[in-house]
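Engineer: I'd like to ask you about the structure that follows.
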Amino acid sequence: MLESGYLGLFATAFLAATLIPISSEVVLGALSAAQGFDIWLLVAVASTGNTLGSVVNWLLGRYCLRWQDRRWFPVKPDTLTRATARFNRYGLWSLLLAWVPIVGDPLTFAAGVLGVRFPIFVTLVAIGKTARYIAVAALAQQFI
């Protein structure tokens with residue numbers, strides 16, 4: 001992963017925001033500890049990739065519900081109901097936690113389903129994800 005550097009980090013962070021189980025934190029930690037990488041650029045690349053991955057989830061939620069009655073639709077009705085209820089319970093501010101494993105992806109999908117305005121969505125998701133990556137990079141530099 002060190003050979004692919006920033007591009008590999010971007011791809012990993014992007015995919016980690018989708019339903020693909022991959023850890024961008026490990027990649028960011030390794031690159032943060034390696035020589036030759038700018039820490040702030042790493043945080044910016046990871047945050048951008050991960051936020052854009054969440055945008056894909058928002059778009060899927062916003063525009064793909066017309067196919068929800070199809071057998072191949074990837075989100076089960078009870079999963080969508082739970083995610084929507086959770087989102088409605090905690091509101092817009094819950095998008096600051098879009099980085100949390102297992103919870104974050106359905107949350108961003110539900111935000112699309114519920115029609116959360118895109119600028120608000122991107123702002124809150126980007127703040128939460130960037131804060132998380134700053135913490136990961138700082139910890140990696142401190143302990144590795």
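In the structure tokens, chains take the letters A, B, ... in the order shown, each chain's residues start at 1, and ligands count up from 1 in the order shown.
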Which range 7-34 of chain A residues have any atom within 12 Å of an atom of range 88-100 of chain A, and for each, what is the nearest pair of atoms with distance in Å to one decimal, counting only C-alpha atoms, rows sorted by chain and number, as CSV?
Structural biologist:
residue,atom,partner,partner_atom,distance
A:Ala13,CA,A:Trp99,CA,10.6
A:Phe14,CA,A:Trp99,CA,11.7
A:Ala16,CA,A:Trp99,CA,9.4
A:Ala17,CA,A:Trp99,CA,7.7
A:Thr18,CA,A:Trp99,CA,10.8
A:Ser23,CA,A:Trp99,CA,11.2
A:Ser24,CA,A:Trp99,CA,10.8
A:Glu25,CA,A:Trp99,CA,10.7
Engineer: Taking 6 positions as the minimum chain separation for residues in the same chain, which residues sit within 10 Å of Val55 in chain A when counting only C-alpha atoms? Answer as a compact mmCIF listing (two decimals) with N, CA and C atoms, in the first residue's frame.
Structural biologist:
# COMPACT_ATOMS: atom_id res chain seq x y z
N PHE A 14 -12.49 5.75 0.02
CA PHE A 14 -13.74 5.79 -0.74
C PHE A 14 -14.51 4.49 -0.55
N ALA A 17 -16.27 3.77 2.80
CA ALA A 17 -17.53 4.48 3.07
C ALA A 17 -18.73 3.79 2.44
N THR A 18 -18.47 2.79 1.61
CA THR A 18 -19.56 2.02 1.02
C THR A 18 -19.77 0.78 1.87
N GLY A 49 -11.89 11.20 0.06
CA GLY A 49 -12.32 9.90 -0.45
C GLY A 49 -13.47 9.32 0.33
N GLY A 61 -29.58 6.38 -1.80
CA GLY A 61 -30.79 6.56 -1.00
C GLY A 61 -31.77 7.52 -1.64
N THR A 108 -26.00 7.31 6.18
CA THR A 108 -25.86 8.17 5.00
C THR A 108 -26.87 7.80 3.93
N PHE A 109 -27.19 6.52 3.82
CA PHE A 109 -28.23 6.07 2.90
C PHE A 109 -29.59 6.64 3.33
N GLY A 112 -30.18 10.19 2.44
CA GLY A 112 -30.62 10.35 1.05
C GLY A 112 -32.09 10.04 0.90
N PHE A 118 -28.37 18.34 0.31
CA PHE A 118 -27.02 17.90 0.00
C PHE A 118 -25.93 18.75 0.68
N PHE A 121 -25.76 17.78 4.29
CA PHE A 121 -25.25 16.42 4.38
C PHE A 121 -23.73 16.40 4.23
N VAL A 122 -23.22 16.99 3.18
CA VAL A 122 -21.77 16.96 2.91
C VAL A 122 -21.00 17.66 4.03
N VAL A 125 -21.07 15.39 7.31
CA VAL A 125 -20.31 14.16 7.09
C VAL A 125 -18.82 14.46 7.00
Engineer: Which residues of range 72-140 of chain A come within 8 Å of range 40-46 of chain A, and for each one, what is the closest pair of atoms and their distance in Å to one decimal, counting only C-alpha atoms, sorted by chain and residue number, as JSON lines?
Structural biologist:
{"residue": "A:Thr130", "atom": "CA", "partner": "A:Val43", "partner_atom": "CA", "distance": 7.0}
{"residue": "A:Tyr133", "atom": "CA", "partner": "A:Val43", "partner_atom": "CA", "distance": 5.8}
{"residue": "A:Ile134", "atom": "CA", "partner": "A:Val43", "partner_atom": "CA", "distance": 6.2}
{"residue": "A:Ala137", "atom": "CA", "partner": "A:Val43", "partner_atom": "CA", "distance": 7.2}
Engineer: For the residues in the current selection, export N, CA and C atoms as a short mmCIF file (atom, residue, chain, number, x, y, z; two decimals), in the first residue's frame.
Structural biologist:
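Listing of selection-v5.cif after writing:
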data_model
loop_
_atom_site.label_atom_id
_atom_site.label_comp_id
_atom_site.auth_asym_id
_atom_site.auth_seq_id
_atom_site.Cartn_x
_atom_site.Cartn_y
_atom_site.Cartn_z
N THR A 130 -13.39 14.01 8.82
CA THR A 130 -12.09 14.68 8.92
C THR A 130 -11.58 14.65 10.36
N TYR A 133 -10.14 11.21 10.99
CA TYR A 133 -8.86 10.98 10.33
C TYR A 133 -7.72 11.79 10.97
N ILE A 134 -8.02 12.97 11.46
CA ILE A 134 -7.01 13.74 12.19
C ILE A 134 -6.59 12.96 13.43
N ALA A 137 -4.45 9.88 12.37
CA ALA A 137 -3.10 10.27 11.94
C ALA A 137 -2.24 10.70 13.13
#
Engineer: Restricting the calculation to only C-alpha atoms: of A:Thr84, A:Ser4, A:Thr123, A:Gln35, which residue gets closest to Ser47 in chain A?
Structural biologist: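 Smallest separation from Ser47 in chain A among the options: A:Thr123.
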Engineer: Here is a test: counting only C-alpha atoms, which residue of A:Ile127, A:Leu19, A:Ile102, A:Ala11 is nearest to Pro74 in chain A?
Structural biologist: A:Leu19
Engineer: Kindly indicate which residue among A:Leu124, A:Leu28, A:Leu139, A:Ala110 lies nearest to Leu59 in chain A, using only C-alpha atoms for the distances.
Structural biologist: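 Among the listed residues, the smallest separation from Leu59 in chain A belongs to A:Ala110.
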Engineer: In chain A, what's alpha helix (DSSP H) per DSSP? Answer as a PyMOL selection string?
Structural biologist: chain A and resi 5-16+24-33+39-63+77-90+104-113+118-143
Engineer: Considering only C-alpha atoms, state which residue in the set A:Trp72, A:Gly8, A:Phe87, A:Gly104 is at the smallest distance from Gly128 in chain A.
Structural biologist: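 Of A:Trp72, A:Gly8, A:Phe87, A:Gly104, the one nearest Gly128 in chain A, counting only C-alpha atoms, is A:Gly104.
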Engineer: Find the distance between CA of Ala111 in chain A and CA of Gly29 in chain A and write it in Å to one decimal.
Structural biologist: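 So the two atoms, CA of Ala111 in chain A and CA of Gly29 in chain A, lie 29.3 Å apart.
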Engineer: Which one is closest to Ser32 in chain A: A:Trp58, A:Phe73, A:Phe143, A:Trp67? Count only C-alpha atoms.
Structural biologist: A:Phe143
